[in-house]
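J.: Input structure: run_6.pdb, which contains PDB, C-alpha atoms.
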```pdb
ATOM      1  CA  MET A   1      20.551  11.240  12.666
ATOM      2  CA  SER A   2      21.055  14.363  10.569
ATOM      3  CA  ASN A   3      17.987  15.689   8.778
ATOM      4  CA  LYS A   4      20.157  16.922   5.900
ATOM      5  CA  GLU A   5      21.017  13.447   4.663
ATOM      6  CA  LYS A   6      19.932  12.397   1.181
ATOM      7  CA  ILE A   7      17.154   9.851   0.808
ATOM      8  CA  LEU A   8      15.928   8.006  -2.271
ATOM      9  CA  VAL A   9      12.175   7.353  -2.361
ATOM     10  CA  THR A  10      10.802   4.947  -4.950
ATOM     11  CA  GLY A  11       7.122   5.221  -5.802
ATOM     12  CA  ALA A  12       7.024   8.885  -4.758
ATOM     13  CA  SER A  13       4.264   9.602  -7.271
ATOM     14  CA  GLY A  14       2.032   6.938  -5.717
ATOM     15  CA  PHE A  15      -0.415   7.227  -2.854
ATOM     16  CA  VAL A  16       1.751   6.094   0.064
ATOM     17  CA  GLY A  17       4.992   7.152  -1.602
ATOM     18  CA  SER A  18       3.884  10.759  -2.039
ATOM     19  CA  ALA A  19       2.843  10.932   1.624
ATOM     20  CA  VAL A  20       6.212   9.500   2.662
ATOM     21  CA  ALA A  21       8.111  11.960   0.456
ATOM     22  CA  ARG A  22       6.117  14.869   1.897
ATOM     23  CA  LYS A  23       6.765  13.692   5.468
ATOM     24  CA  LEU A  24      10.508  13.420   4.816
ATOM     25  CA  VAL A  25      10.675  16.890   3.275
ATOM     26  CA  GLU A  26       8.803  18.306   6.276
ATOM     27  CA  ALA A  27      11.372  16.622   8.518
ATOM     28  CA  GLY A  28      14.166  18.407   6.656
ATOM     29  CA  PHE A  29      15.592  15.613   4.527
ATOM     30  CA  SER A  30      16.792  16.028   0.937
ATOM     31  CA  VAL A  31      14.621  13.681  -1.143
ATOM     32  CA  ARG A  32      15.347  12.186  -4.545
ATOM     33  CA  ALA A  33      12.239  10.671  -6.137
ATOM     34  CA  LEU A  34      12.662   7.765  -8.539
ATOM     35  CA  VAL A  35       9.692   8.000 -10.920
ATOM     36  CA  ARG A  36       8.778   6.727 -14.350
ATOM     37  CA  GLY A  37       8.591   9.215 -17.180
ATOM     38  CA  THR A  38       4.813   8.757 -17.369
ATOM     39  CA  SER A  39       4.187   9.121 -13.626
ATOM     40  CA  PRO A  40       2.001  12.053 -12.479
ATOM     41  CA  ARG A  41       3.843  14.737 -10.548
ATOM     42  CA  ALA A  42       1.436  17.677 -10.234
ATOM     43  CA  HIS A  43       0.447  16.626  -6.704
ATOM     44  CA  LEU A  44       4.131  16.809  -5.695
ATOM     45  CA  ALA A  45       4.617  20.391  -6.832
ATOM     46  CA  GLY A  46       6.254  22.660  -4.300
ATOM     47  CA  LEU A  47       7.970  19.904  -2.318
ATOM     48  CA  GLY A  48      11.362  20.554  -3.871
ATOM     49  CA  LEU A  49      11.941  16.920  -4.787
ATOM     50  CA  ASP A  50      14.876  15.903  -6.946
ATOM     51  CA  PHE A  51      13.085  13.896  -9.634
ATOM     52  CA  PHE A  52      15.028  11.081 -11.253
ATOM     53  CA  GLU A  53      13.381   9.271 -14.152
ATOM     54  CA  GLY A  54      13.922   5.546 -14.235
ATOM     55  CA  ASP A  55      12.342   2.133 -13.795
ATOM     56  CA  LEU A  56      12.912  -0.362 -10.995
ATOM     57  CA  ARG A  57      13.055  -3.131 -13.572
ATOM     58  CA  ASP A  58      16.024  -1.373 -15.205
ATOM     59  CA  ARG A  59      18.998  -2.176 -12.964
ATOM     60  CA  LYS A  60      21.168   0.569 -14.462
ATOM     61  CA  SER A  61      18.642   3.314 -13.764
ATOM     62  CA  VAL A  62      18.335   2.102 -10.170
ATOM     63  CA  GLU A  63      22.126   2.179  -9.849
ATOM     64  CA  ARG A  64      22.245   5.792 -11.041
ATOM     65  CA  ALA A  65      19.283   6.864  -8.896
ATOM     66  CA  ILE A  66      20.691   5.518  -5.639
ATOM     67  CA  ALA A  67      24.208   6.869  -6.098
ATOM     68  CA  GLY A  68      25.139   9.237  -3.266
ATOM     69  CA  MET A  69      22.117   8.363  -1.113
ATOM     70  CA  ARG A  70      22.541   7.593   2.577
ATOM     71  CA  TYR A  71      19.087   6.052   3.054
ATOM     72  CA  ALA A  72      16.422   4.578   0.782
ATOM     73  CA  PHE A  73      12.662   4.113   1.099
ATOM     74  CA  HIS A  74      11.402   1.455  -1.303
ATOM     75  CA  VAL A  75       7.713   2.320  -1.395
ATOM     76  CA  ALA A  76       6.987   1.577  -5.069
ATOM     77  CA  ALA A  77       4.686  -1.335  -5.864
ATOM     78  CA  ASP A  78       2.306  -2.426  -8.571
ATOM     79  CA  TYR A  79      -0.854  -2.377  -6.453
ATOM     80  CA  ARG A  80      -3.333  -4.015  -8.789
ATOM     81  CA  LEU A  81      -5.557  -6.961  -8.024
ATOM     82  CA  TRP A  82      -5.853  -7.655 -11.767
ATOM     83  CA  ALA A  83      -3.694  -7.250 -14.823
ATOM     84  CA  ARG A  84      -4.102  -8.493 -18.370
ATOM     85  CA  ASP A  85      -0.519  -9.741 -18.032
ATOM     86  CA  PRO A  86      -0.046 -10.793 -14.380
ATOM     87  CA  SER A  87       3.710 -11.199 -14.906
ATOM     88  CA  GLU A  88       3.965  -7.388 -14.969
ATOM     89  CA  ILE A  89       2.929  -7.231 -11.305
ATOM     90  CA  PHE A  90       5.436  -9.886 -10.307
ATOM     91  CA  ALA A  91       8.246  -8.224 -12.268
ATOM     92  CA  SER A  92       7.663  -4.836 -10.643
ATOM     93  CA  ASN A  93       7.146  -6.077  -7.112
ATOM     94  CA  VAL A  94       9.760  -8.832  -6.929
ATOM     95  CA  GLU A  95      12.438  -8.113  -9.508
ATOM     96  CA  GLY A  96      12.144  -4.383  -8.867
ATOM     97  CA  THR A  97      12.698  -5.020  -5.162
ATOM     98  CA  ARG A  98      15.663  -7.261  -5.903
ATOM     99  CA  ASN A  99      17.250  -4.556  -8.054
ATOM    100  CA  LEU A 100      16.734  -1.858  -5.439
ATOM    101  CA  MET A 101      18.138  -3.961  -2.591
ATOM    102  CA  GLU A 102      21.126  -5.153  -4.618
ATOM    103  CA  GLU A 103      22.027  -1.618  -5.654
ATOM    104  CA  ALA A 104      21.453  -0.279  -2.144
ATOM    105  CA  MET A 105      24.061  -2.717  -0.866
ATOM    106  CA  ARG A 106      26.480  -1.894  -3.681
ATOM    107  CA  ALA A 107      26.089   1.833  -3.008
ATOM    108  CA  GLY A 108      26.661   1.450   0.728
ATOM    109  CA  VAL A 109      23.213   2.722   1.719
ATOM    110  CA  GLU A 110      23.091   2.679   5.515
ATOM    111  CA  ARG A 111      19.441   1.783   5.940
ATOM    112  CA  VAL A 112      16.563   0.782   3.664
ATOM    113  CA  ILE A 113      12.922   1.026   4.688
ATOM    114  CA  TYR A 114      11.000  -1.517   2.639
ATOM    115  CA  THR A 115       7.260  -0.983   2.277
ATOM    116  CA  SER A 116       5.635  -4.392   2.303
ATOM    117  CA  SER A 117       1.950  -5.008   3.102
ATOM    118  CA  VAL A 118      -0.306  -6.826   5.527
ATOM    119  CA  ALA A 119      -1.006  -9.027   2.486
ATOM    120  CA  THR A 120       2.061 -10.997   3.616
ATOM    121  CA  ILE A 121       0.578 -11.820   7.027
ATOM    122  CA  ALA A 122      -1.713 -14.757   7.780
ATOM    123  CA  LEU A 123      -5.136 -13.924   9.152
ATOM    124  CA  ARG A 124      -6.150 -15.583  12.379
ATOM    125  CA  THR A 125      -8.666 -18.416  12.209
ATOM    126  CA  ASP A 126     -10.392 -17.276  15.406
ATOM    127  CA  GLY A 127     -11.380 -13.930  13.892
ATOM    128  CA  MET A 128      -9.072 -11.921  16.125
ATOM    129  CA  ALA A 129      -6.699  -9.307  14.712
ATOM    130  CA  ALA A 130      -3.437 -10.669  13.286
ATOM    131  CA  ASP A 131       0.078  -9.514  14.093
ATOM    132  CA  GLU A 132       3.594  -9.936  12.671
ATOM    133  CA  THR A 133       4.138 -13.420  14.121
ATOM    134  CA  SER A 134       2.365 -15.334  11.337
ATOM    135  CA  PRO A 135       3.974 -14.774   7.916
ATOM    136  CA  LEU A 136       2.402 -16.310   4.840
ATOM    137  CA  ARG A 137       4.174 -18.556   2.374
ATOM    138  CA  GLU A 138       4.039 -17.457  -1.238
ATOM    139  CA  ASP A 139       1.776 -20.385  -2.178
ATOM    140  CA  GLN A 140      -0.726 -19.248   0.467
ATOM    141  CA  GLY A 141      -1.321 -15.848  -1.120
ATOM    142  CA  ILE A 142      -4.549 -15.162  -2.991
ATOM    143  CA  GLY A 143      -3.803 -13.648  -6.385
ATOM    144  CA  VAL A 144      -0.658 -12.392  -8.052
ATOM    145  CA  TYR A 145      -0.454  -9.142  -6.048
ATOM    146  CA  LYS A 146      -0.374 -10.930  -2.686
ATOM    147  CA  ARG A 147       1.979 -13.626  -3.937
ATOM    148  CA  SER A 148       4.329 -11.002  -5.355
ATOM    149  CA  LYS A 149       4.414  -9.046  -2.095
ATOM    150  CA  ILE A 150       5.056 -12.224  -0.095
ATOM    151  CA  ALA A 151       7.878 -13.206  -2.457
ATOM    152  CA  ALA A 152       9.396  -9.727  -2.255
ATOM    153  CA  GLU A 153       9.238  -9.635   1.539
ATOM    154  CA  ARG A 154      10.848 -13.065   1.820
ATOM    155  CA  LEU A 155      13.566 -11.869  -0.576
ATOM    156  CA  VAL A 156      14.338  -8.871   1.642
ATOM    157  CA  GLU A 157      14.373 -11.040   4.761
ATOM    158  CA  ALA A 158      16.791 -13.477   3.113
ATOM    159  CA  MET A 159      19.123 -10.661   2.057
ATOM    160  CA  VAL A 160      19.106  -9.296   5.613
ATOM    161  CA  ALA A 161      19.905 -12.699   7.105
ATOM    162  CA  GLU A 162      22.392 -13.962   4.518
ATOM    163  CA  ARG A 163      24.039 -10.867   3.096
ATOM    164  CA  GLY A 164      23.780  -8.221   5.788
ATOM    165  CA  LEU A 165      21.268  -5.957   4.046
ATOM    166  CA  ALA A 166      20.371  -3.160   6.474
ATOM    167  CA  ALA A 167      16.612  -3.168   5.902
ATOM    168  CA  VAL A 168      13.579  -2.555   8.087
ATOM    169  CA  ILE A 169      10.202  -3.801   6.839
ATOM    170  CA  VAL A 170       6.923  -1.952   7.353
ATOM    171  CA  ASN A 171       3.531  -3.481   6.594
ATOM    172  CA  PRO A 172       0.801  -0.876   6.028
ATOM    173  CA  SER A 173      -2.769  -2.113   6.306
ATOM    174  CA  THR A 174      -5.326  -0.247   4.148
ATOM    175  CA  PRO A 175      -4.346   3.414   3.750
ATOM    176  CA  ILE A 176      -6.971   6.050   2.998
ATOM    177  CA  GLY A 177      -6.888   9.821   2.849
ATOM    178  CA  PRO A 178      -5.856  12.654   0.514
ATOM    179  CA  GLY A 179      -3.637  12.335  -2.541
ATOM    180  CA  ASP A 180      -4.874   9.015  -3.934
ATOM    181  CA  VAL A 181      -4.258  10.118  -7.514
ATOM    182  CA  ARG A 182      -4.436   6.783  -9.323
ATOM    183  CA  PRO A 183      -6.661   5.854  -7.290
ATOM    184  CA  THR A 184      -5.957   2.651  -5.348
ATOM    185  CA  PRO A 185      -8.543  -0.164  -5.155
ATOM    186  CA  THR A 186      -9.700   1.183  -1.774
ATOM    187  CA  GLY A 187      -9.860   4.701  -3.175
ATOM    188  CA  ARG A 188     -12.063   3.429  -5.989
ATOM    189  CA  ILE A 189     -14.421   1.932  -3.426
ATOM    190  CA  ILE A 190     -14.654   5.284  -1.642
ATOM    191  CA  ILE A 191     -15.384   7.071  -4.929
ATOM    192  CA  GLU A 192     -18.051   4.585  -6.018
ATOM    193  CA  ALA A 193     -19.680   4.618  -2.574
ATOM    194  CA  ALA A 194     -19.698   8.429  -2.540
ATOM    195  CA  LYS A 195     -21.439   8.367  -5.912
ATOM    196  CA  GLY A 196     -24.059   5.939  -4.594
ATOM    197  CA  ARG A 197     -22.927   3.127  -6.860
ATOM    198  CA  ILE A 198     -22.491   0.425  -4.220
ATOM    199  CA  PRO A 199     -26.057  -0.736  -3.507
ATOM    200  CA  ALA A 200     -25.136  -3.777  -1.405
ATOM    201  CA  PHE A 201     -22.342  -5.118   0.768
ATOM    202  CA  ILE A 202     -20.827  -8.360   1.953
ATOM    203  CA  ASN A 203     -19.752  -9.303   5.450
ATOM    204  CA  THR A 204     -16.106  -8.349   5.366
ATOM    205  CA  GLY A 205     -13.877  -5.896   7.151
ATOM    206  CA  LEU A 206     -10.679  -3.895   6.733
ATOM    207  CA  ASN A 207      -8.089  -2.223   8.903
ATOM    208  CA  LEU A 208      -8.250   1.405   7.790
ATOM    209  CA  VAL A 209      -5.429   3.861   8.465
ATOM    210  CA  HIS A 210      -4.827   7.474   7.477
ATOM    211  CA  VAL A 211      -2.100   7.619   4.825
ATOM    212  CA  ASP A 212      -0.284  10.374   6.724
ATOM    213  CA  ASP A 213      -0.011   8.099   9.766
ATOM    214  CA  VAL A 214       1.498   5.411   7.532
ATOM    215  CA  ALA A 215       4.005   7.998   6.312
ATOM    216  CA  SER A 216       4.887   8.949   9.895
ATOM    217  CA  GLY A 217       5.377   5.255  10.616
ATOM    218  CA  HIS A 218       7.935   5.064   7.812
ATOM    219  CA  LEU A 219       9.932   7.906   9.337
ATOM    220  CA  ALA A 220       9.720   6.249  12.753
ATOM    221  CA  ALA A 221      11.039   3.021  11.217
ATOM    222  CA  LEU A 222      14.055   4.912   9.875
ATOM    223  CA  ARG A 223      14.780   6.371  13.291
ATOM    224  CA  HIS A 224      13.861   3.519  15.605
ATOM    225  CA  GLY A 225      13.254   0.327  13.602
ATOM    226  CA  LYS A 226      15.386  -2.768  14.140
ATOM    227  CA  ILE A 227      17.139  -4.271  11.148
ATOM    228  CA  GLY A 228      15.274  -7.314   9.823
ATOM    229  CA  GLU A 229      12.099  -6.662  11.834
ATOM    230  CA  ARG A 230       8.588  -6.186  10.452
ATOM    231  CA  TYR A 231       6.148  -3.585  11.738
ATOM    232  CA  ILE A 232       2.438  -3.405  10.950
ATOM    233  CA  LEU A 233       1.379   0.201  10.344
ATOM    234  CA  GLY A 234      -2.356  -0.012  10.832
ATOM    235  CA  GLY A 235      -5.280   1.916  12.206
ATOM    236  CA  GLN A 236      -8.701   0.606  13.191
ATOM    237  CA  ASP A 237     -10.608  -2.526  12.265
ATOM    238  CA  VAL A 238     -13.813  -1.532  10.476
ATOM    239  CA  LEU A 239     -16.663  -3.552   9.017
ATOM    240  CA  PHE A 240     -17.213  -2.820   5.334
ATOM    241  CA  SER A 241     -20.864  -2.012   6.046
ATOM    242  CA  GLN A 242     -19.780   0.642   8.573
ATOM    243  CA  MET A 243     -17.303   2.118   6.102
ATOM    244  CA  LEU A 244     -20.112   2.509   3.557
ATOM    245  CA  ARG A 245     -22.323   4.163   6.192
ATOM    246  CA  ASP A 246     -19.549   6.608   7.056
ATOM    247  CA  ILE A 247     -19.086   7.584   3.416
ATOM    248  CA  ALA A 248     -22.824   7.915   2.837
ATOM    249  CA  GLY A 249     -23.129  10.206   5.837
ATOM    250  CA  LEU A 250     -20.442  12.513   4.459
ATOM    251  CA  VAL A 251     -22.091  12.926   1.063
ATOM    252  CA  GLY A 252     -25.726  12.918   2.178
ATOM    253  CA  ARG A 253     -26.722   9.609   0.619
ATOM    254  CA  ARG A 254     -28.511   6.572   1.995
ATOM    255  CA  ALA A 255     -26.083   3.790   2.843
ATOM    256  CA  ALA A 256     -26.403   0.343   1.304
ATOM    257  CA  ARG A 257     -28.706  -1.867   3.346
ATOM    258  CA  VAL A 258     -28.669  -5.109   1.362
ATOM    259  CA  ARG A 259     -26.211  -7.726   2.586
ATOM    260  CA  LEU A 260     -25.095 -10.338   0.080
ATOM    261  CA  PRO A 261     -23.184 -13.600   0.530
ATOM    262  CA  TRP A 262     -19.665 -13.239  -0.908
ATOM    263  CA  ARG A 263     -20.383 -15.951  -3.477
ATOM    264  CA  ALA A 264     -22.996 -13.688  -5.060
ATOM    265  CA  LEU A 265     -20.184 -11.463  -6.320
ATOM    266  CA  ILE A 266     -18.326 -14.245  -8.150
ATOM    267  CA  PRO A 267     -20.352 -13.956 -11.394
ATOM    268  CA  VAL A 268     -20.057 -10.166 -11.227
ATOM    269  CA  ALA A 269     -16.283 -10.484 -10.980
ATOM    270  CA  TYR A 270     -16.178 -12.987 -13.848
ATOM    271  CA  VAL A 271     -18.033 -10.560 -16.110
ATOM    272  CA  ALA A 272     -15.944  -7.597 -14.963
ATOM    273  CA  GLU A 273     -12.689  -9.419 -15.675
ATOM    274  CA  ALA A 274     -13.959 -10.602 -19.066
ATOM    275  CA  VAL A 275     -14.716  -7.004 -20.018
ATOM    276  CA  ALA A 276     -11.330  -5.906 -18.688
ATOM    277  CA  ASN A 277      -9.563  -8.478 -20.855
ATOM    278  CA  VAL A 278     -11.123  -6.770 -23.872
ATOM    279  CA  THR A 279     -10.761  -3.132 -22.814
ATOM    280  CA  GLY A 280      -7.531  -3.376 -20.816
ATOM    281  CA  ARG A 281      -9.087  -1.254 -18.060
ATOM    282  CA  GLU A 282      -8.803  -2.554 -14.513
ATOM    283  CA  PRO A 283     -12.159  -4.019 -13.345
ATOM    284  CA  PHE A 284     -13.866  -2.702 -10.241
ATOM    285  CA  ALA A 285     -14.600  -6.257  -9.048
ATOM    286  CA  THR A 286     -12.033  -9.058  -9.322
ATOM    287  CA  LEU A 287     -12.132 -12.731  -8.449
ATOM    288  CA  ASP A 288      -9.106 -12.338  -6.178
ATOM    289  CA  GLY A 289     -10.766  -9.431  -4.414
ATOM    290  CA  VAL A 290     -13.959 -11.422  -3.878
ATOM    291  CA  HIS A 291     -12.063 -14.376  -2.416
ATOM    292  CA  MET A 292     -10.073 -12.095  -0.109
ATOM    293  CA  ALA A 293     -13.320 -10.541   1.101
ATOM    294  CA  LYS A 294     -14.389 -13.854   2.623
ATOM    295  CA  SER A 295     -12.386 -12.917   5.707
ATOM    296  CA  HIS A 296     -12.202  -9.954   8.040
ATOM    297  CA  MET A 297      -8.771  -8.470   7.329
ATOM    298  CA  PHE A 298      -8.090  -7.192  10.842
ATOM    299  CA  PHE A 299      -4.643  -6.362  12.243
ATOM    300  CA  VAL A 300      -2.961  -4.843  15.296
ATOM    301  CA  SER A 301      -0.048  -2.387  15.379
ATOM    302  CA  THR A 302       1.079  -3.083  18.950
ATOM    303  CA  LYS A 303       4.670  -3.846  17.959
ATOM    304  CA  ALA A 304       5.050  -0.596  16.002
ATOM    305  CA  GLU A 305       3.457   1.340  18.846
ATOM    306  CA  GLN A 306       5.837  -0.125  21.410
ATOM    307  CA  GLU A 307       9.083  -0.115  19.391
ATOM    308  CA  LEU A 308       8.620   2.829  17.014
ATOM    309  CA  GLY A 309       6.326   5.096  19.012
ATOM    310  CA  TYR A 310       3.798   4.726  16.170
ATOM    311  CA  ARG A 311       0.332   6.250  16.575
ATOM    312  CA  SER A 312      -2.721   6.420  14.330
ATOM    313  CA  ARG A 313      -5.763   8.677  14.374
ATOM    314  CA  ARG A 314      -9.383   7.573  14.054
ATOM    315  CA  TYR A 315     -10.130   6.008  10.688
ATOM    316  CA  THR A 316     -13.052   8.391  10.157
ATOM    317  CA  GLU A 317     -10.587  11.253   9.679
ATOM    318  CA  GLY A 318      -9.055   9.308   6.818
ATOM    319  CA  ILE A 319     -12.435   8.758   5.186
ATOM    320  CA  ASP A 320     -13.348  12.408   5.665
ATOM    321  CA  ASP A 321     -10.044  13.590   4.157
ATOM    322  CA  ALA A 322     -10.346  11.122   1.278
ATOM    323  CA  VAL A 323     -13.881  12.177   0.338
ATOM    324  CA  ARG A 324     -12.958  15.855   0.583
ATOM    325  CA  TRP A 325      -9.852  15.361  -1.568
ATOM    326  CA  PHE A 326     -11.686  13.287  -4.189
ATOM    327  CA  ARG A 327     -14.412  15.956  -4.358
ATOM    328  CA  ASP A 328     -11.948  18.820  -4.690
ATOM    329  CA  ALA A 329      -9.941  16.914  -7.316
ATOM    330  CA  GLY A 330     -13.041  16.299  -9.448
ATOM    331  CA  TYR A 331     -13.350  12.538  -8.966
ATOM    332  CA  LEU A 332     -16.938  12.839  -7.677
ATOM    333  CA  SER A 333     -18.221  15.264 -10.324
ATOM    334  CA  SER A 334     -19.820  12.664 -12.586
TER     335      SER A 334
END
```
Now that the file is in, can you turn its structure into structure tokens?

T.:
Amino acid sequence: MSNKEKILVTGASGFVGSAVARKLVEAGFSVRALVRGTSPRAHLAGLGLDFFEGDLRDRKSVERAIAGMRYAFHVAADYRLWARDPSEIFASNVEGTRNLMEEAMRAGVERVIYTSSVATIALRTDGMAADETSPLREDQGIGVYKRSKIAAERLVEAMVAERGLAAVIVNPSTPIGPGDVRPTPTGRIIIEAAKGRIPAFINTGLNLVHVDDVASGHLAALRHGKIGERYILGGQDVLFSQMLRDIAGLVGRRAARVRLPWRALIPVAYVAEAVANVTGREPFATLDGVHMAKSHMFFVSTKAEQELGYRSRRYTEGIDDAVRWFRDAGYLSS
């Protein structure tokens, strides 16, 4: 596989997308970045990306963006657990994916790497870490974000099976690390914890992975992934309480010691969403987020390790890099 081939990356201004674009440039590929006109780009300076302004919901702009590309990485997603108009999330994540895949086939793109999420995978009832063998149905997803990602993944799978779409699916767990410009919901947790604004915790857990390892996993999927297969790109399973202790240790604060039942956060989320409906600003706590936190969201990456040669570093490096980046970027100054 020649490193001089042209690759389209959607969502290159986002957290995972920017890490993927950087990894591809480092590997010697020529990268075209499909971005909206309002998307931030300062963190991509110096990469030599070919920026193409467009919108995944605009089929014509996708057609123009993908022209002449040999490969495509569809990383873009509306990663919000709340929106005043939930249909916006579904339109971006499902219809945007449909447009990209349709135009990739029309343009003769040889391989598409589709960035899905572990949100599409059913958690195990015995508390053990889940793998790729248990996909969720759309009606099983909690909240519009999860349902949209499930619908989009099923769409890609159907196009692979029925129309010969040459796509490989990757399912990142919970990425953390530098470059979380927006920031993501997990990035917001890290910021608030570093500021000492999370006084209590609930009994939940996440699979945390360094964003640069997720990016490396994308490149490995291009080189070694099997068409139509799904690969979890995860790191380590971590209790939320331990994550808060790790962050507190980095910033010299006392970690939260009060454990609350998850139901105690329901009224907080109700109020937060009510305020958000007035202000339009995304709430820190959401009802969907609270309901998801009832379970330990633990996953294994054995398949990616065996078939792609995927590896991940200790999650603490991701937390350390995230806190350092947020501090340097001014997110922790107030």

J.: So that I can see what lies close to range 183-196 of chain A, please list as a ChimeraX atom specification the residues with an atom at most 7 Å from it, counting all atoms listed in the file and leaving out residues fewer than 4 positions away in the same chain.

T.: /A:176,244,247-248,251,253,332

J.: For this file, the PyMOL selection byres ((chain A and resi 37-45) around 12) selects which residues, as a ChimeraX atom specification?

T.: /A:10-15,17-23,25,31,33-36,46-55,76,178-183,325,329

J.: Keeping only C-alpha atoms, take the residues you just selected and write them out as a PDB file, in the frame of the given file.

T.:
```pdb
ATOM      1  CA  THR A  10      10.802   4.947  -4.950  1.00  0.00           C
ATOM      2  CA  GLY A  11       7.122   5.221  -5.802  1.00  0.00           C
ATOM      3  CA  ALA A  12       7.024   8.885  -4.758  1.00  0.00           C
ATOM      4  CA  SER A  13       4.264   9.602  -7.271  1.00  0.00           C
ATOM      5  CA  GLY A  14       2.032   6.938  -5.717  1.00  0.00           C
ATOM      6  CA  PHE A  15      -0.415   7.227  -2.854  1.00  0.00           C
ATOM      7  CA  GLY A  17       4.992   7.152  -1.602  1.00  0.00           C
ATOM      8  CA  SER A  18       3.884  10.759  -2.039  1.00  0.00           C
ATOM      9  CA  ALA A  19       2.843  10.932   1.624  1.00  0.00           C
ATOM     10  CA  VAL A  20       6.212   9.500   2.662  1.00  0.00           C
ATOM     11  CA  ALA A  21       8.111  11.960   0.456  1.00  0.00           C
ATOM     12  CA  ARG A  22       6.117  14.869   1.897  1.00  0.00           C
ATOM     13  CA  LYS A  23       6.765  13.692   5.468  1.00  0.00           C
ATOM     14  CA  VAL A  25      10.675  16.890   3.275  1.00  0.00           C
ATOM     15  CA  VAL A  31      14.621  13.681  -1.143  1.00  0.00           C
ATOM     16  CA  ALA A  33      12.239  10.671  -6.137  1.00  0.00           C
ATOM     17  CA  LEU A  34      12.662   7.765  -8.539  1.00  0.00           C
ATOM     18  CA  VAL A  35       9.692   8.000 -10.920  1.00  0.00           C
ATOM     19  CA  ARG A  36       8.778   6.727 -14.350  1.00  0.00           C
ATOM     20  CA  GLY A  46       6.254  22.660  -4.300  1.00  0.00           C
ATOM     21  CA  LEU A  47       7.970  19.904  -2.318  1.00  0.00           C
ATOM     22  CA  GLY A  48      11.362  20.554  -3.871  1.00  0.00           C
ATOM     23  CA  LEU A  49      11.941  16.920  -4.787  1.00  0.00           C
ATOM     24  CA  ASP A  50      14.876  15.903  -6.946  1.00  0.00           C
ATOM     25  CA  PHE A  51      13.085  13.896  -9.634  1.00  0.00           C
ATOM     26  CA  PHE A  52      15.028  11.081 -11.253  1.00  0.00           C
ATOM     27  CA  GLU A  53      13.381   9.271 -14.152  1.00  0.00           C
ATOM     28  CA  GLY A  54      13.922   5.546 -14.235  1.00  0.00           C
ATOM     29  CA  ASP A  55      12.342   2.133 -13.795  1.00  0.00           C
ATOM     30  CA  ALA A  76       6.987   1.577  -5.069  1.00  0.00           C
ATOM     31  CA  PRO A 178      -5.856  12.654   0.514  1.00  0.00           C
ATOM     32  CA  GLY A 179      -3.637  12.335  -2.541  1.00  0.00           C
ATOM     33  CA  ASP A 180      -4.874   9.015  -3.934  1.00  0.00           C
ATOM     34  CA  VAL A 181      -4.258  10.118  -7.514  1.00  0.00           C
ATOM     35  CA  ARG A 182      -4.436   6.783  -9.323  1.00  0.00           C
ATOM     36  CA  PRO A 183      -6.661   5.854  -7.290  1.00  0.00           C
ATOM     37  CA  TRP A 325      -9.852  15.361  -1.568  1.00  0.00           C
ATOM     38  CA  ALA A 329      -9.941  16.914  -7.316  1.00  0.00           C
TER      39      ALA A 329
END
```

J.: Find the residue from A:His210, A:Lys146, A:Arg32, A:Arg98 that sits nearest to Arg313 in chain A; use only C-alpha atoms when measuring.

T.: A:His210

J.: Using all atoms listed in the file, pick whichever of A:Glu132, A:Ser148, A:Phe73, A:Tyr79 has the shortest atom-to-atom distance to Glu95 in chain A.

T.: A:Ser148

J.: Find the residues of range 210-238 of chain A that sit at most 8 Å from range 279-303 of chain A; for each, write down the nearest two atoms and how far apart they are in Å, to one decimal. Count only C-alpha atoms. Sort by chain, then by number going up, and give it as a tab-separated table.

T.:
```
residue	atom	partner	partner_atom	distance
A:Tyr231	CA	A:Lys303	CA	6.4
A:Ile232	CA	A:Ser301	CA	5.2
A:Leu233	CA	A:Ser301	CA	5.8
A:Gly234	CA	A:Ser301	CA	5.6
A:Gly235	CA	A:Ser301	CA	7.5
A:Asp237	CA	A:Phe298	CA	5.5
```

J.: At a cut-off of 6 Å, using all atoms listed in the file, what residues contact range 116-120 of chain A? Leave out same-chain residues fewer than 5 positions from it and give the result as a list in words.

T.: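 Final neighbour list, sorted by chain and number: Leu136, Lys146, Ile150, Val170, Asn171, Pro172 and Ser173 of chain A.
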
J.: Could you tell me how far CA of Val168 in chain A sits from CA of Gln236 in chain A, in Å to one decimal place?

T.: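 Computed distance, CA of Gln236 in chain A to CA of Val168 in chain A, equals 23.1 Å.
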
J.: Do you have, as CSV, the list of residues of range 102-131 of chain A lying at most 12 Å from range 213-221 of chain A, each with its nearest atom pair and that distance in Å to one decimal, counting all atoms listed in the file and ordered by chain then number?

T.:
```
residue,atom,partner,partner_atom,distance
A:Arg111,CA,A:Ala221,CA,10.0
A:Val112,CA,A:Ala221,CA,9.6
A:Ile113,CA,A:Ala221,CA,7.1
A:Tyr114,CA,A:His218,CA,8.9
A:Thr115,CA,A:His218,CA,8.2
A:Ser116,CA,A:His218,CA,11.2
A:Ser117,CA,A:Val214,CA,11.3
```

J.: Rounded to one decimal in Å, what is the spacing between CA of Gln242 in chain A and CA of Tyr331 in chain A?

T.: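 A separation of 22.1 Å between them.
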
J.: Considering all atoms listed in the file, state which residue in the set A:Val211, A:Ile169, A:Val278, A:Val268 is at the smallest distance from Glu229 in chain A.

T.: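 The closest residue to Glu229 in chain A is A:Ile169.
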
J.: Could you tell me how far CA of Asp246 in chain A lies from CA of Ile319 in chain A, in Å and to one decimal?

T.: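 Between these atoms lies a distance of 7.7 Å.
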
J.: Which residues come within 8 Å of Ile89 in chain A, counting all atoms listed in the file, excluding same-chain residues fewer than 2 positions away, as a VMD selection string?

T.: chain A and resid 78 to 80 83 85 to 87 91 to 93 144 to 145 148

J.: Between A:Ser333, A:Asn277, A:Gln140, A:Thr316, which one has atoms that come closest to Val238 in chain A, using all atoms listed in the file?

T.: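 Closest residue, counting all atoms listed in the file: A:Thr316.
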